[in-house]
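Q: Have a peek at work.csv (CSV, C-alpha atoms).
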```
chain,number,residue,atom,x,y,z
A,12,MET,CA,-22.9,-155.4,-36.4
A,13,ALA,CA,-20.9,-153.0,-34.3
A,14,THR,CA,-17.2,-153.9,-33.9
A,15,SER,CA,-16.1,-151.7,-31.0
A,16,LEU,CA,-16.0,-153.7,-27.8
A,17,PRO,CA,-18.3,-151.6,-25.6
A,18,ALA,CA,-21.2,-152.2,-28.0
A,19,LEU,CA,-20.8,-156.0,-28.2
A,20,SER,CA,-22.4,-158.6,-26.0
A,21,VAL,CA,-20.9,-162.0,-25.4
A,22,GLY,CA,-23.2,-163.5,-28.1
A,23,GLU,CA,-22.2,-160.8,-30.6
A,24,MET,CA,-18.5,-161.4,-30.0
A,25,LEU,CA,-18.9,-165.1,-30.4
A,26,ALA,CA,-21.0,-164.6,-33.6
A,27,ALA,CA,-18.1,-162.6,-35.1
A,28,LEU,CA,-15.5,-165.2,-34.2
A,29,VAL,CA,-17.6,-168.1,-35.5
A,30,ALA,CA,-18.2,-166.2,-38.8
A,31,SER,CA,-14.4,-165.9,-39.3
A,32,PRO,CA,-13.4,-169.4,-40.5
A,33,SER,CA,-10.0,-170.6,-39.2
A,34,VAL,CA,-9.6,-174.3,-40.1
A,35,SER,CA,-6.2,-175.8,-39.5
A,36,SER,CA,-5.4,-179.1,-41.2
A,37,PRO,CA,-2.5,-181.0,-42.6
A,38,GLU,CA,-4.5,-181.2,-45.8
A,39,PRO,CA,-3.7,-178.0,-47.8
A,40,HIS,CA,-7.2,-177.8,-49.4
A,41,TRP,CA,-8.7,-177.5,-45.9
A,42,ASP,CA,-6.1,-175.3,-44.2
A,43,GLN,CA,-6.8,-171.6,-43.6
A,44,SER,CA,-5.3,-168.6,-41.9
A,45,ASN,CA,-6.5,-167.6,-38.5
A,46,ALA,CA,-5.7,-163.9,-39.1
A,47,GLY,CA,-9.3,-162.8,-39.1
A,48,VAL,CA,-9.9,-164.2,-35.6
A,49,ILE,CA,-6.7,-162.8,-34.2
A,50,GLU,CA,-7.5,-159.3,-35.6
A,51,LEU,CA,-10.9,-159.3,-33.9
A,52,LEU,CA,-9.4,-160.4,-30.6
A,53,ALA,CA,-6.5,-157.9,-30.9
A,54,ALA,CA,-8.9,-155.0,-31.4
A,55,TRP,CA,-11.1,-156.0,-28.5
A,56,PHE,CA,-8.2,-156.5,-26.0
A,57,GLU,CA,-6.7,-153.2,-27.1
A,58,ASP,CA,-10.1,-151.5,-26.3
A,59,LEU,CA,-9.7,-153.0,-22.8
A,60,GLY,CA,-6.2,-151.5,-22.3
A,61,PHE,CA,-4.2,-154.6,-22.9
A,62,ALA,CA,-0.8,-154.4,-24.5
A,63,VAL,CA,-1.3,-156.6,-27.6
A,64,GLU,CA,1.3,-158.4,-29.8
A,65,GLN,CA,0.7,-160.6,-32.8
A,66,VAL,CA,3.4,-163.3,-33.1
A,67,PRO,CA,3.5,-165.3,-36.5
A,68,CYS,CA,4.2,-169.0,-36.4
A,69,THR,CA,7.7,-169.9,-37.5
A,70,GLY,CA,7.7,-170.3,-41.2
A,71,GLN,CA,4.0,-169.6,-41.5
A,72,PRO,CA,3.3,-165.8,-41.6
A,73,ASP,CA,-0.4,-166.3,-42.2
A,74,LYS,CA,-0.7,-168.2,-38.9
A,75,LEU,CA,-0.8,-165.9,-35.9
A,76,ASN,CA,-0.6,-166.0,-32.1
A,77,LEU,CA,-1.9,-163.2,-29.9
A,78,ILE,CA,-0.3,-162.2,-26.6
A,79,ALA,CA,-2.5,-159.7,-24.7
A,80,THR,CA,-1.1,-158.4,-21.4
A,81,LEU,CA,-2.5,-156.3,-18.7
A,82,GLY,CA,-0.2,-155.3,-15.8
A,83,SER,CA,3.4,-156.4,-15.2
A,84,GLY,CA,5.5,-158.5,-12.9
A,85,PRO,CA,7.2,-161.9,-12.7
A,86,GLY,CA,4.1,-164.1,-11.8
A,87,GLY,CA,0.5,-163.8,-12.8
A,88,LEU,CA,-2.0,-165.8,-14.7
A,89,VAL,CA,-2.4,-166.9,-18.4
A,90,LEU,CA,-5.8,-167.6,-19.8
A,91,ALA,CA,-5.2,-169.5,-23.0
A,92,GLY,CA,-7.0,-171.0,-26.0
A,93,HIS,CA,-6.6,-171.8,-29.6
A,94,THR,CA,-8.3,-169.9,-32.4
A,95,ASP,CA,-8.4,-172.7,-35.0
A,96,THR,CA,-11.1,-175.4,-35.7
A,97,VAL,CA,-11.1,-178.7,-37.4
A,98,PRO,CA,-12.5,-179.0,-40.9
A,99,PHE,CA,-16.3,-179.4,-41.2
A,100,ASP,CA,-18.9,-180.8,-43.5
A,101,VAL,CA,-21.7,-178.2,-44.1
A,102,ASP,CA,-24.2,-180.8,-45.3
A,103,ARG,CA,-24.1,-182.6,-42.0
A,104,TRP,CA,-25.0,-179.5,-39.9
A,105,ARG,CA,-28.7,-178.6,-39.2
A,106,THR,CA,-27.6,-175.0,-39.1
A,107,ASP,CA,-25.0,-172.9,-40.9
A,108,PRO,CA,-21.8,-173.8,-39.0
A,109,LEU,CA,-20.4,-170.3,-39.7
A,110,ARG,CA,-23.4,-168.5,-38.3
A,111,LEU,CA,-24.1,-168.5,-34.5
A,112,THR,CA,-27.5,-169.9,-33.9
A,113,GLU,CA,-29.4,-169.9,-30.5
A,114,ALA,CA,-31.8,-172.8,-29.9
A,115,ASP,CA,-32.8,-175.1,-27.1
A,116,GLY,CA,-30.7,-173.2,-24.5
A,117,ARG,CA,-27.6,-173.6,-26.6
A,118,TRP,CA,-25.4,-171.6,-29.0
A,119,TYR,CA,-24.6,-173.7,-32.1
A,120,GLY,CA,-21.7,-172.9,-34.4
A,121,MET,CA,-18.3,-174.1,-35.6
A,122,GLY,CA,-15.8,-173.9,-32.7
A,123,VAL,CA,-18.2,-172.6,-30.0
A,124,ALA,CA,-17.1,-175.4,-27.6
A,125,ASP,CA,-13.6,-176.1,-29.0
A,126,MET,CA,-12.9,-173.4,-28.4
A,127,LYS,CA,-13.7,-169.9,-29.7
A,128,GLY,CA,-16.4,-169.6,-27.1
A,129,PHE,CA,-13.8,-169.2,-24.3
A,130,PHE,CA,-12.6,-165.8,-25.5
A,131,PRO,CA,-15.8,-163.8,-25.2
A,132,LEU,CA,-16.2,-165.1,-21.7
A,133,VAL,CA,-12.7,-164.0,-20.8
A,134,ILE,CA,-13.5,-160.6,-22.2
A,135,GLU,CA,-16.7,-160.4,-20.2
A,136,ALA,CA,-14.7,-161.4,-17.1
A,137,VAL,CA,-12.1,-158.6,-17.5
A,138,ARG,CA,-14.2,-155.7,-18.9
A,139,ASP,CA,-13.8,-153.7,-15.7
A,140,LEU,CA,-10.1,-154.5,-14.9
A,141,ARG,CA,-7.4,-151.8,-15.1
A,142,ALA,CA,-3.7,-152.4,-15.1
A,143,ALA,CA,-3.4,-150.3,-11.9
A,144,ASP,CA,-5.6,-152.8,-10.1
A,145,LEU,CA,-3.3,-155.8,-10.7
A,146,ARG,CA,-0.5,-156.9,-8.4
A,147,GLN,CA,0.5,-159.7,-10.9
A,148,PRO,CA,-0.1,-159.6,-14.7
A,149,LEU,CA,-3.0,-161.1,-16.6
A,150,ILE,CA,-2.1,-162.5,-20.0
A,151,VAL,CA,-4.5,-163.8,-22.6
A,152,LEU,CA,-3.0,-166.1,-25.1
A,153,ALA,CA,-4.7,-167.1,-28.4
A,154,THR,CA,-2.8,-169.6,-30.5
A,155,ALA,CA,-2.8,-171.0,-34.0
A,156,ASP,CA,-2.9,-174.6,-35.4
A,157,GLU,CA,-3.6,-176.5,-32.2
A,158,GLU,CA,-5.9,-178.8,-34.1
A,159,SER,CA,-3.1,-179.9,-36.5
A,160,SER,CA,0.6,-179.2,-35.9
A,161,MET,CA,0.7,-177.3,-32.6
A,162,ALA,CA,2.7,-174.7,-34.6
A,163,GLY,CA,1.5,-171.8,-32.4
A,164,ALA,CA,2.4,-173.4,-29.1
A,165,ARG,CA,5.8,-174.7,-30.5
A,166,THR,CA,6.7,-171.2,-31.8
A,167,LEU,CA,5.9,-169.6,-28.4
A,168,GLN,CA,7.8,-172.2,-26.5
A,169,ALA,CA,10.9,-171.6,-28.8
A,170,LEU,CA,10.6,-167.9,-28.1
A,171,GLY,CA,10.2,-168.4,-24.3
A,172,ARG,CA,6.9,-166.5,-24.2
A,173,PRO,CA,4.8,-165.8,-22.4
A,174,ARG,CA,6.1,-166.0,-18.9
A,175,ALA,CA,3.8,-166.5,-16.0
A,176,ARG,CA,3.3,-168.7,-13.0
A,177,HIS,CA,-0.1,-170.2,-13.6
A,178,ALA,CA,-2.2,-171.0,-16.6
A,179,VAL,CA,-5.8,-172.1,-17.5
A,180,ILE,CA,-6.6,-173.4,-21.0
A,181,GLY,CA,-10.2,-173.1,-21.7
A,182,GLU,CA,-10.6,-176.4,-23.7
A,183,PRO,CA,-14.0,-178.1,-23.3
A,184,THR,CA,-14.1,-179.9,-20.0
A,185,GLY,CA,-17.7,-179.1,-18.9
A,186,LEU,CA,-16.2,-176.8,-16.2
A,187,ARG,CA,-14.4,-179.7,-14.5
A,188,PRO,CA,-10.7,-179.1,-14.0
A,189,VAL,CA,-8.2,-181.4,-15.7
A,190,ARG,CA,-4.6,-181.7,-14.6
A,191,LEU,CA,-3.4,-184.8,-16.5
A,192,HIS,CA,-3.8,-185.9,-20.1
A,193,LYS,CA,-2.2,-188.4,-22.3
A,194,GLY,CA,0.3,-187.5,-25.1
A,195,ILE,CA,-0.3,-188.3,-28.7
A,196,MET,CA,2.0,-189.7,-31.4
A,197,MET,CA,1.1,-190.5,-35.0
A,198,GLU,CA,3.4,-192.7,-37.0
A,199,SER,CA,3.8,-194.0,-40.5
A,200,LEU,CA,5.1,-197.5,-41.0
A,201,ARG,CA,5.7,-198.3,-44.7
A,202,LEU,CA,6.8,-201.6,-46.3
A,203,ILE,CA,8.3,-201.8,-49.7
A,204,GLY,CA,8.4,-205.1,-51.5
A,205,ARG,CA,8.3,-206.1,-55.2
A,206,SER,CA,5.3,-206.3,-57.4
A,207,GLY,CA,4.6,-209.0,-59.9
A,208,HIS,CA,2.0,-211.2,-61.5
A,209,SER,CA,-0.4,-212.7,-58.9
A,210,SER,CA,-0.3,-216.1,-60.6
A,211,ASN,CA,3.1,-216.8,-59.2
A,212,PRO,CA,4.0,-215.5,-55.7
A,213,ALA,CA,7.7,-216.1,-56.4
A,214,LEU,CA,7.6,-213.3,-59.0
A,215,GLY,CA,7.4,-210.6,-56.2
A,216,ASN,CA,7.5,-209.9,-52.5
A,217,ASN,CA,4.1,-209.1,-51.1
A,218,ALA,CA,4.1,-206.0,-48.8
A,219,LEU,CA,0.5,-206.8,-47.7
A,220,ASP,CA,1.7,-210.2,-46.4
A,221,GLY,CA,4.5,-208.4,-44.5
A,222,MET,CA,2.0,-205.9,-43.1
A,223,GLN,CA,-0.1,-208.6,-41.7
A,224,ARG,CA,2.9,-209.8,-39.7
A,225,LEU,CA,3.8,-206.3,-38.7
A,226,MET,CA,0.2,-205.6,-37.5
A,227,GLY,CA,0.2,-208.8,-35.4
A,228,ALA,CA,3.5,-207.7,-33.8
A,229,LEU,CA,2.1,-204.3,-33.0
A,230,MET,CA,-1.0,-205.7,-31.4
A,231,ALA,CA,1.1,-208.0,-29.2
A,232,TRP,CA,3.3,-205.0,-28.3
A,233,ARG,CA,0.1,-203.0,-27.5
A,234,ALA,CA,-0.9,-205.7,-25.0
A,235,GLU,CA,2.6,-205.5,-23.4
A,236,LEU,CA,2.4,-201.8,-23.0
A,237,ALA,CA,-1.0,-202.1,-21.3
A,238,GLN,CA,0.6,-204.5,-18.8
A,239,ARG,CA,3.7,-202.4,-18.1
A,240,HIS,CA,2.2,-198.9,-17.9
A,241,ARG,CA,-1.0,-198.1,-15.9
A,242,ASN,CA,-2.5,-195.0,-14.3
A,243,PRO,CA,-5.9,-195.6,-12.6
A,244,LEU,CA,-6.7,-191.9,-12.8
A,245,PHE,CA,-7.5,-192.3,-16.5
A,246,GLU,CA,-10.8,-193.9,-17.8
A,247,VAL,CA,-8.6,-196.0,-20.0
A,248,ALA,CA,-5.8,-196.6,-17.6
A,249,HIS,CA,-3.1,-197.7,-20.0
A,250,PRO,CA,-1.5,-196.3,-23.2
A,251,THR,CA,-3.4,-197.0,-26.3
A,252,LEU,CA,-2.4,-197.9,-29.9
A,253,ASN,CA,-4.9,-197.5,-32.7
A,254,LEU,CA,-4.4,-199.0,-36.2
A,255,GLY,CA,-6.1,-196.1,-38.0
A,256,HIS,CA,-5.3,-196.2,-41.7
A,257,ILE,CA,-3.9,-198.6,-44.2
A,258,HIS,CA,-3.3,-198.5,-47.9
A,259,GLY,CA,-1.5,-201.0,-50.1
A,260,GLY,CA,-1.5,-202.4,-53.6
A,261,ASP,CA,-3.5,-201.4,-56.7
A,262,SER,CA,-5.1,-204.5,-58.2
A,263,PRO,CA,-6.1,-208.0,-57.1
A,264,ASN,CA,-4.1,-209.5,-59.9
A,265,ARG,CA,-0.8,-207.9,-58.9
A,266,ILE,CA,1.5,-208.7,-56.0
A,267,CYS,CA,1.4,-205.8,-53.6
A,268,GLY,CA,4.6,-203.8,-53.9
A,269,GLU,CA,4.0,-201.3,-51.2
A,270,CYS,CA,1.8,-201.0,-48.1
A,271,GLU,CA,1.6,-198.1,-45.5
A,272,LEU,CA,0.0,-198.2,-42.1
A,273,HIS,CA,-0.7,-195.1,-39.9
A,274,ILE,CA,-1.1,-195.5,-36.2
A,275,ASP,CA,-2.1,-193.3,-33.2
A,276,LEU,CA,-0.2,-193.9,-30.0
A,277,ARG,CA,-1.3,-192.2,-26.7
A,278,PRO,CA,1.3,-192.5,-23.9
A,279,LEU,CA,0.6,-191.9,-20.2
A,280,PRO,CA,2.3,-189.1,-18.3
A,281,GLY,CA,5.8,-190.2,-17.3
A,282,MET,CA,6.4,-192.2,-20.5
A,283,ASP,CA,9.3,-190.9,-22.6
A,284,MET,CA,8.1,-190.3,-26.1
A,285,ASP,CA,11.5,-190.7,-27.8
A,286,ALA,CA,12.1,-194.0,-26.1
A,287,LEU,CA,8.6,-195.1,-27.0
A,288,ARG,CA,9.1,-194.3,-30.6
A,289,GLU,CA,12.4,-196.3,-30.7
A,290,GLU,CA,10.6,-199.2,-29.1
A,291,LEU,CA,7.9,-199.0,-31.7
A,292,TYR,CA,10.4,-199.0,-34.6
A,293,ALA,CA,12.4,-201.9,-33.1
A,294,THR,CA,9.2,-203.9,-32.8
A,295,ALA,CA,8.4,-203.2,-36.4
A,296,ARG,CA,11.9,-204.1,-37.6
A,297,GLN,CA,11.9,-207.4,-35.8
A,298,ALA,CA,8.5,-208.3,-37.2
A,299,VAL,CA,9.8,-208.2,-40.8
A,300,ALA,CA,13.5,-208.8,-40.3
A,301,ASP,CA,13.6,-212.0,-42.5
A,302,SER,CA,11.0,-210.9,-45.0
A,303,GLY,CA,13.2,-209.2,-47.6
A,304,LEU,CA,10.9,-206.1,-47.3
A,305,THR,CA,12.2,-202.6,-46.8
A,306,LEU,CA,10.7,-200.9,-43.7
A,307,LEU,CA,10.4,-197.1,-43.6
A,308,CYS,CA,9.3,-195.5,-40.3
A,309,GLN,CA,8.6,-191.8,-39.7
A,310,PRO,CA,6.4,-189.6,-37.5
A,311,LEU,CA,3.4,-188.0,-39.2
A,312,PHE,CA,4.0,-185.0,-36.9
A,313,ALA,CA,6.3,-184.3,-34.0
A,314,GLY,CA,3.9,-185.5,-31.4
A,315,ASN,CA,2.3,-183.9,-28.4
A,316,PRO,CA,3.6,-184.7,-24.9
A,317,PRO,CA,1.5,-185.8,-21.9
A,318,LEU,CA,0.5,-183.3,-19.2
A,319,ASP,CA,1.0,-183.9,-15.5
A,320,THR,CA,0.4,-180.9,-13.3
A,321,PRO,CA,1.0,-181.6,-9.6
A,322,ALA,CA,-2.1,-182.0,-7.5
A,323,ALA,CA,-0.6,-179.6,-5.0
A,324,ALA,CA,-0.1,-176.8,-7.5
A,325,PRO,CA,-2.0,-173.6,-6.4
A,326,ILE,CA,-3.9,-173.4,-9.7
A,327,VAL,CA,-5.1,-177.0,-9.3
A,328,GLN,CA,-6.2,-176.4,-5.8
A,329,ALA,CA,-8.0,-173.1,-6.7
A,330,ALA,CA,-9.8,-174.7,-9.6
A,331,GLU,CA,-10.9,-177.6,-7.5
A,332,ARG,CA,-12.2,-175.3,-4.7
A,333,LEU,CA,-14.0,-173.0,-7.1
A,334,THR,CA,-15.7,-175.7,-9.2
A,335,GLY,CA,-16.3,-178.2,-6.4
A,336,HIS,CA,-14.7,-181.0,-8.6
A,337,ALA,CA,-11.5,-182.9,-8.1
A,338,ALA,CA,-9.1,-182.4,-11.0
A,339,GLU,CA,-9.4,-185.2,-13.5
A,340,ALA,CA,-7.4,-187.0,-16.2
A,341,VAL,CA,-8.4,-187.1,-19.9
A,342,ALA,CA,-7.2,-188.9,-23.0
A,343,PHE,CA,-7.3,-185.9,-25.4
A,344,GLY,CA,-4.2,-183.6,-25.9
A,345,THR,CA,-3.8,-179.9,-25.4
A,346,GLU,CA,-1.2,-177.1,-25.5
A,347,GLY,CA,-0.7,-177.6,-21.7
A,348,PRO,CA,2.7,-179.3,-21.9
A,349,TYR,CA,4.1,-176.3,-23.9
A,350,LEU,CA,2.9,-173.8,-21.2
A,351,GLN,CA,4.3,-176.2,-18.6
A,352,ARG,CA,7.7,-176.1,-20.3
A,353,LEU,CA,7.6,-172.3,-20.0
A,354,GLY,CA,7.3,-172.6,-16.2
A,355,MET,CA,3.5,-172.5,-15.7
A,356,ASP,CA,1.4,-174.9,-13.7
A,357,THR,CA,-1.4,-175.5,-16.0
A,358,VAL,CA,-5.1,-176.6,-15.6
A,359,ILE,CA,-7.4,-177.4,-18.5
A,360,LEU,CA,-10.8,-175.9,-17.7
A,361,GLY,CA,-13.5,-174.6,-20.0
A,362,PRO,CA,-17.3,-174.4,-20.5
A,363,GLY,CA,-17.7,-176.6,-23.6
A,364,ASP,CA,-18.3,-180.3,-23.8
A,365,ILE,CA,-15.8,-182.6,-25.4
A,366,ALA,CA,-18.6,-184.9,-26.5
A,367,CYS,CA,-19.8,-182.4,-29.1
A,368,ALA,CA,-16.3,-181.2,-30.2
A,369,HIS,CA,-15.2,-182.1,-33.8
A,370,GLN,CA,-18.9,-183.0,-34.5
A,371,PRO,CA,-21.7,-181.5,-36.6
A,372,ASP,CA,-24.0,-179.2,-34.6
A,373,GLU,CA,-21.3,-178.3,-32.0
A,374,TYR,CA,-22.8,-176.3,-29.2
A,375,LEU,CA,-22.2,-174.4,-26.0
A,376,GLU,CA,-24.7,-174.5,-23.2
A,377,LEU,CA,-26.0,-171.0,-22.4
A,378,ALA,CA,-26.3,-172.1,-18.7
A,379,ARG,CA,-22.5,-172.3,-18.6
A,380,VAL,CA,-21.9,-168.7,-19.6
A,381,ARG,CA,-22.4,-166.9,-16.3
A,382,PRO,CA,-20.7,-169.6,-14.2
A,383,THR,CA,-17.7,-169.5,-16.4
A,384,VAL,CA,-17.4,-165.7,-16.2
A,385,ALA,CA,-17.7,-165.9,-12.4
A,386,LEU,CA,-15.1,-168.6,-12.3
A,387,LEU,CA,-12.6,-166.6,-14.4
A,388,GLN,CA,-13.1,-163.5,-12.2
A,389,ALA,CA,-12.4,-165.6,-9.1
A,390,LEU,CA,-9.2,-166.9,-10.6
A,391,ILE,CA,-8.1,-163.5,-11.6
A,392,ARG,CA,-8.8,-162.2,-8.1
A,393,ARG,CA,-6.8,-165.1,-6.6
A,394,PHE,CA,-3.7,-164.9,-8.9
A,395,CYS,CA,-3.6,-161.3,-10.2
A,396,LEU,CA,-5.3,-159.0,-7.6
A,397,ASN,CA,-3.9,-160.7,-4.5
A,398,ASN,CA,-0.2,-161.1,-3.7
A,399,ASP,CA,0.8,-164.7,-4.6
A,400,ASN,CA,3.9,-166.7,-4.1
A,401,ASP,CA,5.0,-170.0,-5.4
A,402,THR,CA,3.4,-172.0,-2.6
A,403,GLY,CA,0.0,-170.5,-3.5
A,404,GLU,CA,-0.5,-168.7,-0.2
A,405,THR,CA,-2.4,-165.4,-0.3
A,406,ARG,CA,-1.0,-162.6,1.8
```
Just give me the structure of the file as C-alpha cells.

A:
Amino acid sequence: MATSLPALSVGEMLAALVASPSVSSPEPHWDQSNAGVIELLAAWFEDLGFAVEQVPCTGQPDKLNLIATLGSGPGGLVLAGHTDTVPFDVDRWRTDPLRLTEADGRWYGMGVADMKGFFPLVIEAVRDLRAADLRQPLIVLATADEESSMAGARTLQALGRPRARHAVIGEPTGLRPVRLHKGIMMESLRLIGRSGHSSNPALGNNALDGMQRLMGALMAWRAELAQRHRNPLFEVAHPTLNLGHIHGGDSPNRICGECELHIDLRPLPGMDMDALREELYATARQAVADSGLTLLCQPLFAGNPPLDTPAAAPIVQAAERLTGHAAEAVAFGTEGPYLQRLGMDTVILGPGDIACAHQPDEYLELARVRPTVALLQALIRRFCLNNDNDTGETR
C-alpha cells in the first residue's frame, strides 16, 4: 500500500491505522505503544503542510501525543481524538480486528468507531487547505491512553497545550452533538481482618462479613445521592454507583482475612469529585467503625471530571445548527474536561456509534463518511476561515 498522502483514500488511511495496534490498558500484558499510529498521522499531516510535533506522555516515552497545526493566531479550532483502543478478543470477532473489512455498508475493524475512523475524515476535510487561507489556526490533536489513564490529555494539560478557543472531539456520537457528560471515578475499598479456622468464628475477624455491611451502606448512600443530585438532561438523571468487582478469602474452611471491593462512581456536572470521594470514604469508615477491621481506601486511577459546555457557546450552537440536533448529555467520559481547562469550549461529535464501541465487530457506517467530512469543513469555515470573536459572531 502506498504511504504518501496524495495516493491514499479514506479507506486506505483507515486500514493503515487499524493495522497498527495501539491498545492501552492498566494490565501490562495488554498495554501497547501508540507510536505506530502517531507516526502515520504525523507523516500525513506533514504532507498537508501542518507543523507537526510529537509530545511524549509524562514518564511514558513510548506513549505519544500529536499536535498538528496549520496557521497561527490566538483563537481557532481543535479537532481532537485518541489513538488508542481497548483490548480485544480475536476469537469473538467475525473478521480480523486488525484488518479493515467492508461489508453490509460498513467498515469493520478495531477502533474504527472509537475512534481511529475520525482522523482520515479530518484529513479528507482539510486536503485543500493552506495556511495562508486561515484567519485562525486549525489544530489536530491525537492523544494517547484515553481508554485507560488519560495520560495523554493530562500531559497536555500540564504543558498548557494546545491553545485554542473551540474544540470538537470526534468520539462516537452518531453525528449528534454532546455538550455534557458525567465524570468517572474508580475506587478500591479493602478490608483487612484476621483469618482463622472456620469451626470457631472467635478465632478470627471475617472481612467478608464486614464487606457485607460496607456494601449495604454504599447502596444506601447511592440512593441518597440519587435523591440529592439530579439533571434531567441525562438519560439516567442521577449519579450512579456500580459495585463492579469483589474478591475475598481463599477457602470455605478459613475465616476470610481480607476482602477488596472495586466500584465505579459517575458524578453529574457540578459535583465536586474530591468532596464526593471524601464522602464515600466517610461512609465506608462509618459502616465498619466498630468491627475491628482495617479499612484501606484508594482511587484506582485519578478520575475523569464531568463536562459541562455552556449551551450558548459558539461551538455548541454551530454544531446544533449544522447537524439539526440539540446538544445532548451522555454517561460516558471523554478528554473534553482537559481541553476545557485549557480554555476551549468543547463539543463531542463524531461519526461512530457508541453502541458498537468496545465490542467485537466494531463498525463505522459508510453512509456517515461524506456527511462527517462536510460537517468538519463547515466547522473549519466557521471558526478558521472567518473572523471569529468570543461571542461567536462572524464578521

Q: Find the residue from A:Thr154, A:Thr334, A:Ser35, A:Ser83 that sits nearest to A:Ala175; use all atoms listed in the file when measuring.

A: A:Ser83

Q: Quick one: residues within 10 Å of A:Gly22, all atoms listed in the file, excluding same-chain residues fewer than 4 positions away - as a list in words?

A: Ala26, Ala27, Leu28, Leu111, Thr112, Glu113, Trp118, Gly128, Pro131, Leu132 and Leu377 of chain A

Q: Excluding A:His240 and any residue of its chain fewer than 4 positions from it, enumerate the residues within 12 Å of it, using all atoms listed in the file, and give them as a compact mmCIF listing (two decimals) with C-alpha atoms, keeping the file's coordinate frame.

A:
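Written output follows (around.txt):
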```txt
# COMPACT_ATOMS: atom_id res chain seq x y z
CA ARG A 233 0.10 -203.00 -27.50
CA ALA A 234 -0.90 -205.70 -25.00
CA GLU A 235 2.60 -205.50 -23.40
CA LEU A 236 2.40 -201.80 -23.00
CA PHE A 245 -7.50 -192.30 -16.50
CA VAL A 247 -8.60 -196.00 -20.00
CA ALA A 248 -5.80 -196.60 -17.60
CA HIS A 249 -3.10 -197.70 -20.00
CA PRO A 250 -1.50 -196.30 -23.20
CA THR A 251 -3.40 -197.00 -26.30
CA ARG A 277 -1.30 -192.20 -26.70
CA PRO A 278 1.30 -192.50 -23.90
CA LEU A 279 0.60 -191.90 -20.20
CA PRO A 280 2.30 -189.10 -18.30
CA GLY A 281 5.80 -190.20 -17.30
CA MET A 282 6.40 -192.20 -20.50
CA ASP A 283 9.30 -190.90 -22.60
CA LEU A 287 8.60 -195.10 -27.00
```

Q: With distances taken over all atoms listed in the file, which of A:Ala313, A:Cys367, A:Ala293, A:Ala342 is nearest to A:Met121?

A: A:Cys367

Q: Tell me which protein, DNA and RNA residues are within 12 Å of A:Ile274, counting all atoms listed in the file, leaving out same-chain ones fewer than 4 positions away, and put them as a list in words.

A: Ile195, Met196, Met197, Glu198, Ser199, Leu200, Arg201, Met226, Leu229, Met230, Arg233, Thr251, Leu252, Asn253, Leu254, Gly255, His256, Ile257, Arg288, Leu291, Cys308, Gln309, Pro310, Leu311 and Phe312 of chain A

Q: Between A:Leu25, A:Ala324, A:Ala237, A:Ala231, which residue has the minimum interatomic distance to A:Ala295, considering only C-alpha atoms?

A: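 Ranked by minimum distance to A:Ala295, first place goes to A:Ala231.
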
Q: Work out how far atom CA of A:Glu373 is from atom CA of A:Arg103, in Å to one decimal.

A: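 Taking atom CA of A:Arg103 and atom CA of A:Glu373, their separation equals 11.2 Å.
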
Q: Calculate how many Å separate atom CA of A:Ser33 from atom CA of A:Ala114, rounding to one decimal.

A: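 Rounded to one decimal, the two atoms are 23.8 Å apart.
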
Q: Atom CA of A:Ala54 and atom CA of A:Ala142, how far apart in Å?

A: 17.3 Å

Q: Please identify all polymer residues lying at most 12 Å from the point (-4.4, -204.5, -55.6) (file coordinates), using only C-alpha atoms, and present the result as a VMD selection string.

A: chain A and resid 206 to 209 217 to 219 258 to 270

Q: Just checking: using all atoms listed in the file, which residue out of A:Pro325, A:Leu386, A:Leu225, A:Glu339 ends up closest to A:Leu306?

A: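 When distances to A:Leu306 are compared using all atoms listed in the file, the smallest one comes from A:Leu225.
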
Q: With distances taken over only C-alpha atoms, which residue among A:Val299, A:Ile365, A:Ala178, A:Leu244 lies nearest A:Arg352?

A: A:Ala178

Q: Of the residues A:Ala153, A:Glu376, A:Leu304, A:Thr96, which is the one nearest to A:Ala53, using only C-alpha atoms?

A: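 The closest residue to A:Ala53 is A:Ala153.
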
Q: Might you pull out every residue within 7 Å of A:Gly361, with all atoms listed in the file counted and same-chain residues fewer than 2 positions away left off, and present them as a ChimeraX atom specification?

A: /A:129,181-186,359,363

Q: Compile the contact shell of A:Val133 as a list of chain:residue names: residues with an atom at most 10 Å away, counting all atoms listed in the file, same-chain residues fewer than 5 positions apart removed.

A: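 Once the adjacent positions are removed, what remains is A:Val21, A:Leu90, A:Ala91, A:Gly128, A:Arg138, A:Val151, A:Gly181, A:Thr383, A:Val384, A:Ala385, A:Leu386, A:Leu387, A:Gln388.
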